[in-house]
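As provided, data09.cif (mmCIF, C-alpha atoms and all ligand atoms) reads as follows.
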```cif
data_coords
#
loop_
_atom_site.label_atom_id
_atom_site.label_comp_id
_atom_site.auth_asym_id
_atom_site.auth_seq_id
_atom_site.Cartn_x
_atom_site.Cartn_y
_atom_site.Cartn_z
CA MET A 12 -7.06 -192.20 44.42
CA ASN A 13 -7.02 -195.58 42.59
CA ASN A 14 -5.17 -197.30 39.77
CA LYS A 15 -6.95 -195.15 37.17
CA SER A 16 -5.76 -191.91 38.79
CA LYS A 17 -3.15 -189.82 37.03
CA ILE A 18 0.58 -189.90 37.57
CA GLY A 19 1.98 -186.49 38.58
CA VAL A 20 5.29 -185.42 37.04
CA PHE A 21 7.10 -182.19 37.88
CA ASP A 22 10.26 -180.29 37.08
CA SER A 23 11.67 -176.80 37.59
CA GLY A 24 10.46 -176.09 34.05
CA LEU A 25 10.54 -177.67 30.61
CA GLY A 26 13.27 -180.29 31.08
CA GLY A 27 10.98 -182.87 32.64
CA ILE A 28 8.96 -183.01 29.42
CA SER A 29 11.67 -185.46 28.32
CA VAL A 30 10.80 -187.69 31.29
CA LEU A 31 7.08 -187.33 30.62
CA TYR A 32 7.75 -188.46 27.05
CA GLU A 33 9.61 -191.56 28.26
CA ILE A 34 6.91 -192.44 30.80
CA HIS A 35 4.24 -192.23 28.12
CA LYS A 36 6.36 -194.44 25.87
CA VAL A 37 6.78 -197.06 28.58
CA MET A 38 3.15 -196.89 29.84
CA PRO A 39 0.96 -195.39 27.08
CA ASN A 40 -2.28 -196.18 28.86
CA GLU A 41 -1.45 -194.10 31.95
CA SER A 42 -2.86 -190.58 32.27
CA ILE A 43 -0.27 -188.05 33.32
CA VAL A 44 -0.36 -184.48 34.61
CA TYR A 45 2.86 -182.51 34.14
CA PHE A 46 3.72 -179.43 36.19
CA GLY A 47 6.60 -177.27 34.94
CA ASP A 48 7.72 -174.65 37.44
CA SER A 49 9.19 -172.27 34.83
CA GLY A 50 8.04 -169.32 36.95
CA ASN A 51 10.68 -170.35 39.49
CA ALA A 52 13.36 -171.85 37.23
CA PRO A 53 16.23 -172.44 37.53
CA TYR A 54 16.28 -174.45 40.76
CA GLY A 55 19.99 -175.24 40.61
CA VAL A 56 21.08 -171.81 41.86
CA LYS A 57 18.60 -171.69 44.77
CA THR A 58 19.20 -172.90 48.31
CA LYS A 59 18.30 -176.44 49.22
CA ASP A 60 15.51 -175.17 51.53
CA GLU A 61 13.99 -173.14 48.70
CA VAL A 62 13.97 -176.15 46.38
CA VAL A 63 12.40 -178.31 49.10
CA GLU A 64 9.68 -175.72 49.65
CA LEU A 65 8.91 -175.30 45.93
CA SER A 66 8.81 -179.09 45.48
CA ARG A 67 6.51 -179.49 48.45
CA ARG A 68 4.10 -176.88 47.07
CA ILE A 69 3.91 -178.69 43.74
CA CYS A 70 3.36 -182.08 45.42
CA ASP A 71 0.54 -180.59 47.54
CA HIS A 72 -1.09 -179.26 44.38
CA LEU A 73 -0.72 -182.55 42.49
CA ILE A 74 -2.18 -184.53 45.37
CA GLU A 75 -4.96 -182.13 46.39
CA ALA A 76 -6.12 -180.82 43.01
CA GLU A 77 -5.21 -183.74 40.74
CA ASP A 78 -5.51 -186.72 43.12
CA VAL A 79 -2.39 -188.33 41.62
CA LYS A 80 -1.44 -191.92 42.51
CA ALA A 81 2.33 -191.33 42.30
CA ILE A 82 4.71 -188.44 41.74
CA VAL A 83 7.82 -188.40 39.56
CA ILE A 84 10.37 -185.71 40.34
CA ALA A 85 11.54 -185.22 36.75
CA CYS A 86 14.39 -183.02 37.95
CA ASN A 87 17.79 -184.19 39.19
CA THR A 88 18.22 -181.03 41.24
CA ALA A 89 14.92 -181.33 43.10
CA THR A 90 15.57 -185.04 43.57
CA SER A 91 18.94 -184.40 45.23
CA ALA A 92 17.53 -181.68 47.44
CA ALA A 93 14.10 -182.99 48.34
CA VAL A 94 13.32 -186.64 47.55
CA ASP A 95 14.00 -187.98 51.06
CA ILE A 96 11.98 -185.21 52.73
CA LEU A 97 9.07 -185.60 50.29
CA ARG A 98 9.02 -189.38 50.78
CA SER A 99 8.79 -188.90 54.52
CA GLN A 100 5.86 -186.49 54.14
CA TYR A 101 3.59 -188.11 51.56
CA SER A 102 2.08 -191.57 51.52
CA ILE A 103 2.00 -192.02 47.73
CA PRO A 104 5.13 -193.26 45.94
CA ILE A 105 7.65 -190.57 44.96
CA ILE A 106 10.10 -191.51 42.23
CA GLY A 107 13.25 -189.46 41.66
CA MET A 108 15.88 -189.11 38.95
CA GLU A 109 19.30 -190.70 39.12
CA PRO A 110 22.15 -189.69 36.80
CA ALA A 111 22.98 -192.64 34.53
CA ILE A 112 26.49 -193.18 35.89
CA LYS A 113 26.27 -196.96 35.94
CA PRO A 114 25.40 -197.40 32.25
CA ALA A 115 28.10 -194.87 31.40
CA ILE A 116 30.74 -196.78 33.36
CA VAL A 117 29.67 -200.07 31.82
CA GLY A 118 29.40 -198.62 28.32
CA THR A 119 32.75 -196.81 28.11
CA GLU A 120 36.38 -197.26 29.13
CA GLY A 121 37.69 -193.70 29.28
CA VAL A 122 36.74 -190.34 30.72
CA ILE A 123 33.08 -189.61 31.43
CA VAL A 124 31.71 -186.11 32.01
CA VAL A 125 28.63 -185.60 34.15
CA LEU A 126 26.89 -182.42 33.07
CA ALA A 127 24.43 -181.19 35.70
CA THR A 128 23.52 -178.27 37.92
CA GLU A 129 25.82 -177.11 40.68
CA MET A 130 23.37 -178.31 43.32
CA THR A 131 23.04 -181.82 41.91
CA LEU A 132 26.81 -182.25 41.73
CA LYS A 133 27.50 -181.04 45.23
CA GLU A 134 24.65 -182.81 47.04
CA GLU A 135 25.38 -185.88 49.13
CA LYS A 136 22.99 -188.04 47.10
CA PHE A 137 25.02 -187.67 43.91
CA ASN A 138 28.39 -188.07 45.61
CA LYS A 139 27.28 -191.20 47.45
CA LEU A 140 26.19 -192.69 44.14
CA LEU A 141 29.38 -191.60 42.39
CA TYR A 142 31.77 -192.97 45.00
CA SER A 143 29.90 -196.26 45.19
CA PHE A 144 31.64 -197.04 41.88
CA GLU A 145 35.24 -198.22 41.92
CA GLU A 146 35.73 -196.39 38.66
CA ALA A 147 34.63 -193.00 40.03
CA HIS A 148 38.09 -191.67 39.09
CA ARG A 149 37.02 -191.77 35.42
CA ILE A 150 34.30 -189.22 36.08
CA ILE A 151 34.59 -185.44 35.75
CA LYS A 152 31.82 -183.29 37.26
CA LEU A 153 30.93 -180.30 35.11
CA PRO A 154 28.36 -177.83 36.48
CA ALA A 155 26.54 -176.01 33.67
CA PRO A 156 24.07 -173.61 35.29
CA ASN A 157 23.33 -171.44 32.24
CA LEU A 158 22.18 -174.35 30.12
CA VAL A 159 18.91 -174.62 32.03
CA ASP A 160 18.03 -171.01 31.16
CA ILE A 161 18.98 -171.71 27.55
CA VAL A 162 16.52 -174.59 27.29
CA GLU A 163 13.82 -172.54 29.00
CA ASN A 164 14.26 -169.34 27.00
CA HIS A 165 16.78 -169.38 24.15
CA MET A 166 16.42 -172.53 22.07
CA ASP A 167 15.62 -170.45 18.98
CA ASP A 168 19.04 -168.80 19.06
CA VAL A 169 21.06 -171.71 17.69
CA GLU A 170 24.40 -169.85 17.64
CA TYR A 171 24.00 -168.86 21.29
CA VAL A 172 23.08 -172.44 22.22
CA LYS A 173 26.19 -173.79 20.46
CA GLN A 174 28.49 -171.16 21.97
CA SER A 175 27.20 -171.79 25.48
CA ILE A 176 27.65 -175.54 25.18
CA SER A 177 31.18 -175.05 23.85
CA SER A 178 32.03 -172.67 26.69
CA TYR A 179 31.43 -175.51 29.15
CA LEU A 180 32.78 -178.47 27.17
CA ASP A 181 35.92 -176.56 26.11
CA GLN A 182 36.93 -176.63 29.79
CA ILE A 183 37.58 -180.37 29.60
CA GLU A 184 41.07 -181.09 28.39
CA ALA A 185 40.85 -184.88 28.61
CA HIS A 186 39.68 -187.09 25.76
CA VAL A 187 36.01 -187.68 26.56
CA GLU A 188 34.27 -190.98 25.79
CA GLY A 189 30.96 -190.54 27.56
CA ILE A 190 28.62 -187.77 28.66
CA VAL A 191 26.02 -188.26 31.36
CA LEU A 192 23.16 -185.78 31.11
CA GLY A 193 22.51 -185.25 34.82
CA CYS A 194 19.80 -182.66 34.24
CA THR A 195 16.57 -183.36 32.43
CA HIS A 196 16.74 -180.04 30.55
CA PHE A 197 19.92 -181.17 28.82
CA ILE A 198 18.12 -183.92 26.87
CA PHE A 199 17.02 -181.08 24.60
CA LEU A 200 20.70 -180.23 23.98
CA LYS A 201 21.69 -183.79 23.10
CA ASP A 202 22.07 -183.20 19.37
CA PHE A 203 24.23 -180.12 19.95
CA ILE A 204 26.48 -182.02 22.38
CA ASP A 205 26.72 -184.91 19.95
CA GLU A 206 27.72 -182.49 17.22
CA TYR A 207 30.30 -180.78 19.47
CA TYR A 208 32.03 -184.15 19.84
CA ASP A 209 31.62 -184.95 16.16
CA HIS A 210 29.33 -187.89 17.04
CA LYS A 211 32.21 -189.66 18.79
CA VAL A 212 30.88 -189.82 22.38
CA GLU A 213 28.26 -191.96 24.03
CA ILE A 214 25.52 -189.89 25.67
CA PHE A 215 23.59 -191.31 28.62
CA ASP A 216 20.53 -190.15 30.53
CA GLY A 217 18.41 -191.52 33.35
CA ASN A 218 14.98 -191.12 31.77
CA PHE A 219 14.31 -194.71 30.75
CA GLY A 220 15.56 -195.90 34.15
CA THR A 221 13.13 -193.58 35.92
CA ALA A 222 10.17 -194.62 33.76
CA SER A 223 10.97 -198.32 34.33
CA GLN A 224 11.35 -197.78 38.06
CA LEU A 225 7.96 -196.03 38.13
CA LYS A 226 6.38 -198.96 36.30
CA ASN A 227 7.87 -201.46 38.77
CA VAL A 228 6.65 -199.48 41.76
CA LEU A 229 3.12 -199.11 40.34
CA HIS A 230 3.06 -202.82 39.52
CA THR A 231 4.17 -203.79 43.03
CA LEU A 232 1.44 -201.59 44.56
CA ALA A 233 -1.22 -202.85 42.10
CA LEU A 234 -1.56 -199.28 40.84
CA LEU A 235 -0.95 -199.86 37.12
CA ASN A 236 -3.82 -198.65 34.97
CA ASP A 237 -5.51 -201.63 33.30
CA GLU A 238 -7.37 -199.61 30.64
CA THR A 239 -6.32 -200.48 27.11
CA PHE A 240 -6.78 -197.05 25.50
CA GLU A 241 -4.19 -194.27 25.42
CA GLY A 242 -4.01 -192.13 28.55
CA ALA A 243 -4.47 -188.34 28.52
CA ILE A 244 -1.60 -185.93 29.10
CA SER A 245 -2.26 -182.56 30.74
CA LEU A 246 0.36 -179.85 30.84
CA LEU A 247 0.54 -177.14 33.51
CA ASN A 248 3.13 -174.42 33.94
CA SER A 249 3.59 -171.86 36.72
CA LYS A 250 4.82 -169.14 34.35
CA ASP A 251 2.19 -168.57 31.66
CA ASN A 252 0.31 -170.12 28.80
CA HIS A 253 3.18 -169.50 26.41
CA PHE A 254 5.18 -172.04 28.43
CA VAL A 255 2.35 -174.56 28.17
CA GLU A 256 2.55 -174.13 24.38
CA LYS A 257 6.34 -174.48 24.52
CA SER A 258 5.89 -177.69 26.53
CA LYS A 259 3.68 -179.09 23.76
CA ASP A 260 6.27 -178.14 21.14
CA MET A 261 9.05 -179.79 23.10
CA TYR A 262 7.02 -182.97 23.45
CA GLN A 263 6.38 -182.97 19.70
CA TYR A 264 10.08 -182.36 19.07
CA LEU A 265 10.92 -185.56 20.97
CA ARG A 266 8.28 -187.53 19.06
CA LYS A 267 9.58 -186.29 15.75
CA ARG A 268 13.16 -186.98 16.74
CA ALA A 269 12.24 -190.58 17.58
CA GLN A 270 10.33 -190.99 14.30
CA ASP A 271 13.37 -189.72 12.41
CA GLY A 272 15.43 -192.40 14.15
CA SER A 273 17.84 -190.08 16.01
CA LYS A 274 19.95 -191.82 18.63
N1 LIG A 301 15.64 -180.16 35.04
C1 LIG A 301 16.37 -179.78 36.22
C2 LIG A 301 17.34 -180.88 36.60
O1 LIG A 301 17.20 -182.01 36.14
C3 LIG A 301 16.93 -178.40 36.07
C4 LIG A 301 17.33 -177.77 37.35
C5 LIG A 301 17.26 -176.27 37.43
O2 LIG A 301 16.17 -175.71 37.25
O3 LIG A 301 18.30 -175.67 37.71
O4 LIG A 301 18.23 -180.71 37.39
#
```
How does this structure look as structure tokens?
Amino acid sequence: MNNKSKIGVFDSGLGGISVLYEIHKVMPNESIVYFGDSGNAPYGVKTKDEVVELSRRICDHLIEAEDVKAIVIACNTATSAAVDILRSQYSIPIIGMEPAIKPAIVGTEGVIVVLATEMTLKEEKFNKLLYSFEEAHRIIKLPAPNLVDIVENHMDDVEYVKQSISSYLDQIEAHVEGIVLGCTHFIFLKDFIDEYYDHKVEIFDGNFGTASQLKNVLHTLALLNDETFEGAISLLNSKDNHFVEKSKDMYQYLRKRAQDGSK
């Protein structure tokens, strides 16, 4: 392994493609291998031990078969369950996700909803972060387990997507000013959520923060790639080739969205 080695990125499925996209934007000359574990998604309804074991298997693969120089857990759920254990077991840097609570608190004055999986919201990691803010009382936790399956399997059924999002957001009676997307899958639902609130909420995610953190860590360890040409991206998925194709489409969707100037 050296500074020209790939960066490994993994998620329970397709959601982490949004993190991959951000990493490539921040460090275009890095080569990245992405592993989506769609064959085992969703992680949020599994036990913590199961998520640790699945994460460990993926890290072993990325290190042994791909010789990666760092691993990004592009999944809030796997980060809450496994990041400390993985860091204690591997010598390469492991970067996790963190829900963007701080920017949401700074950027709004009213109620903020954190939309994430059940596991993320109940794990100690999230609650420690949440209660480190004096303004934690402004935050409502909203578990949305079905939305992961929707992003994996049902994005073509627009009516179903809209109905499912409404069924969660309708539960909030307060006037909402900010939404924190505490699950990387939900980035793909951003436009629907924005529409639900008639474009009147601020939506936050932790992807840029994670990509920047990765860059800082690689810089500190002298592991940044110094090539000047664009790095390669390889996509792997534990389910089947159809999901590799879907991963490509989702990556292209994010590129197009950015070109169109969506917020
Ligand atoms: N992308 C994962 C996350 O950020 C989804 C978890 C799941 O598979 O339930 O939490």
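With only C-alpha atoms as the atoms that count, the residue of A:Lys36, A:Gly47, A:Gly193, A:Ala185 with the shortest distance to Ser91 (chain A) is A:Gly193.
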- Task: With a distance cut-off of 12 Å and only C-alpha atoms, select the neighbouring residues of region 211-215 of chain A, excluding the residue or stretch itself and same-chain residues fewer than 5 positions from it, and output the selection as a ChimeraX atom specification.
- Result: /A:109-126,186-195,197-198,200-206,220,274
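Residues within 7 Å of Asn218 (chain A), counting only C-alpha atoms and excluding same-chain residues fewer than 3 positions away, are Val30, Glu33, Thr221 and Ala222 of chain A.
Restricting the atom set to all atoms listed in the file, one finds that the residues within 7 Å of ligand LIG 301 (chain A) amount to Asp22, Ser23, Gly24, Gly26, Gly27, Ala52, Pro53, Tyr54, Gly55, Val56, Ala85, Cys86, Asn87, Thr88, Ala89, Ala127, Thr128, Thr131, Pro156, Val159, Gly193, Cys194, Thr195 and His196 of chain A.
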- Mind pulling up the distance from CA of Ile84 (chain A) to CA of Ile105 (chain A)? 7.2 Å
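Take the candidates A:His72, A:Lys259, A:Lys136, A:Lys173 and check each one against Ser245 (chain A) using all atoms listed in the file; the shortest distance goes to A:Lys259.
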- Which neighbours of Val20 (chain A) fall inside 6 Å, counting only C-alpha atoms, when residues of the same chain fewer than 5 positions from it are skipped, and could you give them as a count of residues only? 3
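For the pair CA of Ser273 (chain A) and CA of Ser29 (chain A), the interatomic distance is 14.5 Å.
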- Query: Leu225 (chain A): which residues within 10 Å, counting all atoms listed in the file, same-chain residues fewer than 4 positions away excluded, as a VMD selection string?
  - Reply: chain A and resid 18 34 37 to 38 81 to 83 104 to 107 219 to 221 229 to 231 235
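The gap separating CA of Ser102 (chain A) from CA of Lys80 (chain A) is 9.7 Å, in Å to one decimal.
With all atoms listed in the file as the basis for measurement, A:Lys133 is the residue among A:His35, A:Lys226, A:Arg68, A:Lys133 that approaches Pro154 (chain A) most closely.
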- Choose the residue, out of A:Glu61, A:Glu163, A:Asp95, A:Glu145, that has the smallest atom-to-atom separation from Val255 (chain A); count all atoms listed in the file. A:Glu163
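Distances from A:Asp271, A:Glu129, A:Glu135, A:Asp251 to Lys57 (chain A) were compared using only C-alpha atoms, and the smallest one belongs to A:Glu129.
Residue nearest Lys59 (chain A), chosen from A:Ser42, A:Ser99, A:Thr90, A:Ser249 and counting all atoms listed in the file: A:Thr90.
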Could you add whatever atoms are missing so that region 219-239 of chain A carries N, CA, C and O atoms, then write the result as an mmCIF file, in the frame of the given file?
```
data_model
loop_
_atom_site.group_PDB
_atom_site.id
_atom_site.type_symbol
_atom_site.label_atom_id
_atom_site.label_comp_id
_atom_site.auth_asym_id
_atom_site.auth_seq_id
_atom_site.Cartn_x
_atom_site.Cartn_y
_atom_site.Cartn_z
ATOM 1 N N PHE A 219 14.923 -193.392 30.893
ATOM 2 C CA PHE A 219 14.310 -194.710 30.750
ATOM 3 C C PHE A 219 14.338 -195.433 32.110
ATOM 4 O O PHE A 219 13.362 -196.089 32.507
ATOM 5 N N GLY A 220 15.447 -195.272 32.825
ATOM 6 C CA GLY A 220 15.560 -195.900 34.150
ATOM 7 C C GLY A 220 14.461 -195.418 35.090
ATOM 8 O O GLY A 220 13.849 -196.212 35.827
ATOM 9 N N THR A 221 14.168 -194.136 35.044
ATOM 10 C CA THR A 221 13.130 -193.580 35.920
ATOM 11 C C THR A 221 11.744 -194.104 35.525
ATOM 12 O O THR A 221 10.951 -194.498 36.383
ATOM 13 N N ALA A 222 11.481 -194.135 34.224
ATOM 14 C CA ALA A 222 10.170 -194.620 33.760
ATOM 15 C C ALA A 222 9.992 -196.096 34.135
ATOM 16 O O ALA A 222 8.908 -196.515 34.560
ATOM 17 N N SER A 223 11.052 -196.888 34.004
ATOM 18 C CA SER A 223 10.970 -198.320 34.330
ATOM 19 C C SER A 223 10.763 -198.516 35.831
ATOM 20 O O SER A 223 9.992 -199.369 36.265
ATOM 21 N N GLN A 224 11.479 -197.705 36.588
ATOM 22 C CA GLN A 224 11.350 -197.780 38.060
ATOM 23 C C GLN A 224 9.922 -197.447 38.486
ATOM 24 O O GLN A 224 9.328 -198.118 39.328
ATOM 25 N N LEU A 225 9.353 -196.414 37.843
ATOM 26 C CA LEU A 225 7.960 -196.030 38.130
ATOM 27 C C LEU A 225 7.029 -197.204 37.822
ATOM 28 O O LEU A 225 6.137 -197.532 38.615
ATOM 29 N N LYS A 226 7.243 -197.834 36.693
ATOM 30 C CA LYS A 226 6.380 -198.960 36.300
ATOM 31 C C LYS A 226 6.478 -200.089 37.331
ATOM 32 O O LYS A 226 5.455 -200.656 37.749
ATOM 33 N N ASN A 227 7.691 -200.395 37.764
ATOM 34 C CA ASN A 227 7.870 -201.460 38.770
ATOM 35 C C ASN A 227 7.143 -201.134 40.062
ATOM 36 O O ASN A 227 6.482 -201.987 40.654
ATOM 37 N N VAL A 228 7.282 -199.876 40.491
ATOM 38 C CA VAL A 228 6.650 -199.480 41.760
ATOM 39 C C VAL A 228 5.126 -199.567 41.634
ATOM 40 O O VAL A 228 4.449 -200.112 42.514
ATOM 41 N N LEU A 229 4.578 -199.066 40.524
ATOM 42 C CA LEU A 229 3.120 -199.110 40.340
ATOM 43 C C LEU A 229 2.640 -200.561 40.277
ATOM 44 O O LEU A 229 1.600 -200.916 40.832
ATOM 45 N N HIS A 230 3.425 -201.406 39.620
ATOM 46 C CA HIS A 230 3.060 -202.820 39.520
ATOM 47 C C HIS A 230 3.034 -203.461 40.918
ATOM 48 O O HIS A 230 2.061 -204.117 41.299
ATOM 49 N N THR A 231 4.073 -203.206 41.683
ATOM 50 C CA THR A 231 4.170 -203.790 43.030
ATOM 51 C C THR A 231 2.981 -203.353 43.899
ATOM 52 O O THR A 231 2.470 -204.127 44.702
ATOM 53 N N LEU A 232 2.538 -202.111 43.719
ATOM 54 C CA LEU A 232 1.440 -201.590 44.560
ATOM 55 C C LEU A 232 0.063 -201.812 43.917
ATOM 56 O O LEU A 232 -0.930 -201.268 44.386
ATOM 57 N N ALA A 233 0.023 -202.592 42.847
ATOM 58 C CA ALA A 233 -1.220 -202.850 42.100
ATOM 59 C C ALA A 233 -1.874 -201.531 41.673
ATOM 60 O O ALA A 233 -3.096 -201.374 41.713
ATOM 61 N N LEU A 234 -1.040 -200.589 41.243
ATOM 62 C CA LEU A 234 -1.560 -199.280 40.840
ATOM 63 C C LEU A 234 -1.419 -199.029 39.328
ATOM 64 O O LEU A 234 -1.662 -197.916 38.854
ATOM 65 N N LEU A 235 -1.029 -200.059 38.581
ATOM 66 C CA LEU A 235 -0.950 -199.860 37.120
ATOM 67 C C LEU A 235 -2.348 -199.749 36.548
ATOM 68 O O LEU A 235 -3.249 -200.495 36.941
ATOM 69 N N ASN A 236 -2.518 -198.826 35.615
ATOM 70 C CA ASN A 236 -3.820 -198.650 34.970
ATOM 71 C C ASN A 236 -4.086 -199.824 34.025
ATOM 72 O O ASN A 236 -3.233 -200.150 33.202
ATOM 73 N N ASP A 237 -5.246 -200.462 34.156
ATOM 74 C CA ASP A 237 -5.510 -201.630 33.300
ATOM 75 C C ASP A 237 -6.363 -201.292 32.073
ATOM 76 O O ASP A 237 -6.763 -202.180 31.331
ATOM 77 N N GLU A 238 -6.639 -199.997 31.860
ATOM 78 C CA GLU A 238 -7.370 -199.610 30.640
ATOM 79 C C GLU A 238 -6.491 -199.924 29.420
ATOM 80 O O GLU A 238 -5.274 -199.893 29.515
ATOM 81 N N THR A 239 -7.134 -200.152 28.288
ATOM 82 C CA THR A 239 -6.320 -200.480 27.110
ATOM 83 C C THR A 239 -6.173 -199.291 26.152
ATOM 84 O O THR A 239 -5.420 -199.353 25.197
#
```
